[in-house]
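Novice: Dropping a structure here in structure tokens format, bear with me for questions.
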Amino acid sequence: MAGKEEGRGEEKNKFSIWDLPDVPMGQLPPHLELQRSRVLCNKDAPIHTESVQYSGAYASMGLDNSLRLDHFCHNFRVEVVRLTDEDMEFDMIGIDAAIANAFRRILIAELPTMAIEKVLIANNTSIIQDEVLAHRLGLIPISVDPRLFEYMTENDQPNEKNTIVFKLHVQCKRGSPRFTVKSDDLKWLPNGSELVKESRNATSDSSSKPETYTSFSCSQDTLSEFAKNPIAPRHPDIIIAKLGPGQEIELEVHAVKGMGKTHAKWSPVATAWYRMLPEVVLLEEVEDDLAEELKSKCPVNVFDIEDLGKGRKRATVARPRACTLCRECIRGDEWEKRVAIRRVRDHFIFTIESTGALPPEVLFTEAVKILEDKCERVITELS
Ligand code: SF4
């Protein structure tokens, strides 16, 4: 049986070289151009998934396949499709998957933000353990531009340039109903820590200023960047804990600058992802009952029905961008001969969802700068 199937497959693939259309030098015949520029999504699996990188791959047809800067500059485009305060969808056209992926990885792991790193707990009589409480606090996005702060190394003292301090002091009085602690209960301390360190030297001068956990030389709200924009959590209603009557939480948190590759709490994006632009092609006219069947096969309404008059109908591809590559429309008898599902190899639909520290469009431009720096470093080292 398998032999028969194979035999039939070979029969189907036989063609005469004389049937191929004439192609001028410097161009590829249609079937090779399709393999070069599209990923073909067949019923069982996608094919031609890898891009052809070798510069001389099409030399016999007079086509230069090398990477050329002028070619890239001419073809590369970014088109913004949707932009809000929190997310952005844009098309990146004319690049390889490796570069699109580099942007995704930089966005997730290498763009810095400010996140809560230290939690000093003075009192916690809630039912949440200290370490769970600290973990929850660490994941609260803070609305502040990280470019205004410096990284804090092990030897640095926390100061106004590398640390943001918040305090949380909430109490549920006896006889009161249960109380929900939310992120807007975190109050910014522009002058730094208010918790006094226990003095190790009992003979220290009682008139000197008590030592706290930070050493700010000025108040952060006197800095022009924060005078009109007080620092606060990005969302005021993130639930931190629930207190029962008589329970109390008193703590102080210190936020510092870091990157997602150290811990996900520093990642500036909820997610950053891309997919290749879908291309749905009708290989023949799909009419009447078949048109209705095709329309009903697609769960995301890619196809529409066109009225041809006199009761005749024809299927059209109305929303190819919505295609999720589920391949339902090419399953079943003969459907693979009627419909082709492809992906455009150098066209990426990119989505960035910001956690709120920076707007998504700024995140993308920052990612471009980081990739540029990396390239410059490599070029300098090579030269
Ligand atoms: S692959 Fe799925 S989503 Fe895409 S057109 Fe076909 S049925 Fe619709």
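Quick note on naming: the chains in the structure tokens go A, B, ... in the order shown, residues restart at 1 in each chain, and ligands are numbered from 1 in order of appearance.
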Around ligand 1, at most 9 Å away and counting only C-alpha atoms and all ligand atoms, which residues are there? Put them as a ChimeraX atom specification, please.
Specialist: /A:41,278-280,294-303,317,319-331,339-341
Novice: Can you write just those residues out, N, CA and C atoms, as a short mmCIF file (atom, residue, chain, number, x, y, z; two decimals), in the first residue's frame?
Specialist:
data_model
loop_
_atom_site.label_atom_id
_atom_site.label_comp_id
_atom_site.auth_asym_id
_atom_site.auth_seq_id
_atom_site.Cartn_x
_atom_site.Cartn_y
_atom_site.Cartn_z
N CYS A 41 2.36 26.18 3.97
CA CYS A 41 1.74 25.43 5.08
C CYS A 41 0.85 24.35 4.49
N PRO A 278 0.22 36.05 7.28
CA PRO A 278 -0.42 34.94 6.57
C PRO A 278 -0.83 35.36 5.16
N GLU A 279 -0.79 34.40 4.25
CA GLU A 279 -1.25 34.65 2.89
C GLU A 279 -2.17 33.48 2.52
N VAL A 280 -3.40 33.78 2.23
CA VAL A 280 -4.37 32.73 1.89
C VAL A 280 -4.73 32.92 0.41
N LEU A 294 -16.45 26.20 2.43
CA LEU A 294 -15.16 26.81 2.77
C LEU A 294 -15.34 27.88 3.85
N LYS A 295 -16.39 28.70 3.68
CA LYS A 295 -16.62 29.76 4.67
C LYS A 295 -16.87 29.16 6.05
N SER A 296 -17.64 28.07 6.10
CA SER A 296 -17.97 27.49 7.40
C SER A 296 -16.78 26.74 8.02
N LYS A 297 -15.79 26.38 7.21
CA LYS A 297 -14.61 25.67 7.75
C LYS A 297 -13.74 26.59 8.60
N CYS A 298 -13.71 27.90 8.25
CA CYS A 298 -12.75 28.79 8.90
C CYS A 298 -13.30 29.35 10.22
N PRO A 299 -12.62 29.09 11.34
CA PRO A 299 -13.14 29.57 12.63
C PRO A 299 -12.95 31.07 12.85
N VAL A 300 -12.13 31.73 12.03
CA VAL A 300 -11.90 33.17 12.27
C VAL A 300 -12.38 34.04 11.11
N ASN A 301 -13.27 33.47 10.28
CA ASN A 301 -13.93 34.25 9.21
C ASN A 301 -12.97 34.91 8.22
N VAL A 302 -12.02 34.14 7.75
CA VAL A 302 -11.10 34.69 6.73
C VAL A 302 -11.83 34.86 5.39
N PHE A 303 -12.81 33.96 5.12
CA PHE A 303 -13.46 33.97 3.80
C PHE A 303 -14.82 34.67 3.85
N VAL A 317 -11.24 35.74 -0.43
CA VAL A 317 -10.41 35.85 0.77
C VAL A 317 -10.53 37.29 1.27
N ARG A 319 -10.20 38.42 4.85
CA ARG A 319 -9.39 38.86 6.01
C ARG A 319 -8.21 37.92 6.22
N PRO A 320 -7.25 37.89 5.28
CA PRO A 320 -6.14 36.92 5.40
C PRO A 320 -5.29 37.14 6.65
N ARG A 321 -5.22 38.40 7.12
CA ARG A 321 -4.38 38.70 8.29
C ARG A 321 -4.87 37.98 9.55
N ALA A 322 -6.17 37.65 9.55
CA ALA A 322 -6.73 36.99 10.73
C ALA A 322 -6.41 35.50 10.79
N CYS A 323 -5.86 34.95 9.70
CA CYS A 323 -5.61 33.49 9.63
C CYS A 323 -4.66 33.06 10.75
N THR A 324 -5.06 32.00 11.44
CA THR A 324 -4.24 31.51 12.56
C THR A 324 -3.45 30.25 12.19
N LEU A 325 -3.53 29.88 10.92
CA LEU A 325 -2.80 28.70 10.44
C LEU A 325 -3.32 27.40 11.05
N CYS A 326 -4.62 27.36 11.31
CA CYS A 326 -5.17 26.12 11.88
C CYS A 326 -5.27 25.03 10.83
N ARG A 327 -5.26 25.38 9.53
CA ARG A 327 -5.27 24.47 8.39
C ARG A 327 -6.57 23.69 8.22
N GLU A 328 -7.63 24.15 8.88
CA GLU A 328 -8.93 23.48 8.72
C GLU A 328 -9.40 23.54 7.27
N CYS A 329 -9.11 24.67 6.61
CA CYS A 329 -9.63 24.86 5.25
C CYS A 329 -8.94 23.98 4.22
N ILE A 330 -7.81 23.37 4.56
CA ILE A 330 -7.16 22.49 3.56
C ILE A 330 -7.27 21.02 3.97
N ARG A 331 -8.00 20.77 5.05
CA ARG A 331 -8.24 19.36 5.42
C ARG A 331 -9.41 18.83 4.61
N VAL A 339 -7.14 25.53 -2.05
CA VAL A 339 -6.68 26.63 -1.17
C VAL A 339 -5.22 26.42 -0.80
N ALA A 340 -4.44 27.49 -0.83
CA ALA A 340 -3.04 27.42 -0.36
C ALA A 340 -2.87 28.37 0.82
N ILE A 341 -2.24 27.87 1.87
CA ILE A 341 -1.97 28.69 3.05
C ILE A 341 -0.46 28.91 3.10
#
Novice: Where in segment 95-169 of chain A does DSSP assign helix (DSSP H, G or I), given as a list of chain:residue names?
Specialist: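 Of segment 95-169 of chain A, the ones in helix (DSSP H, G or I) are A:Ala97, A:Ala98, A:Ile99, A:Ala100, A:Asn101, A:Ala102, A:Phe103, A:Arg104, A:Arg105, A:Ile106, A:Leu107, A:Ile108, A:Ala109, A:Asp130, A:Glu131, A:Val132, A:Leu133, A:Ala134, A:His135, A:Arg136, A:Leu137, A:Gly138, A:Pro146, A:Arg147, A:Leu148.
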Novice: Which of segment 161-338 of chain A end up as strand (DSSP E or B) when DSSP is run on this backbone - answer as a PyMOL selection string?
Specialist: chain A and resi 164-171+179-182+187-188+196+212+232-233+239-243+248-258+269-282+287+303-309+312-317
Novice: Neighbours of segment 357-364 of chain A within 8 Å (only C-alpha atoms; same-chain residues fewer than 6 positions away dropped), as a list in words?
Specialist: Leu83, Asp85, Glu86, Asp87, Met88, Phe103, Leu107, Leu111, Thr113, Pro141, Ile142, Ser143, Val144, Asp145, Pro146, Arg234 and Pro268 of chain A
Novice: Can you check which parts of segment 254-370 of chain A lie within 12 Å of segment 50-63 of chain A? Per residue, the shortest pair of atoms and distance in Å to one decimal, counting only C-alpha atoms, sorted by chain and number, as a Markdown table.
Specialist:
| residue | atom | partner | partner_atom | distance |
| --- | --- | --- | --- | --- |
| A:Val344 | CA | A:Ser51 | CA | 11.2 |
| A:Arg345 | CA | A:Ser51 | CA | 7.7 |
| A:Asp346 | CA | A:Ser51 | CA | 9.4 |
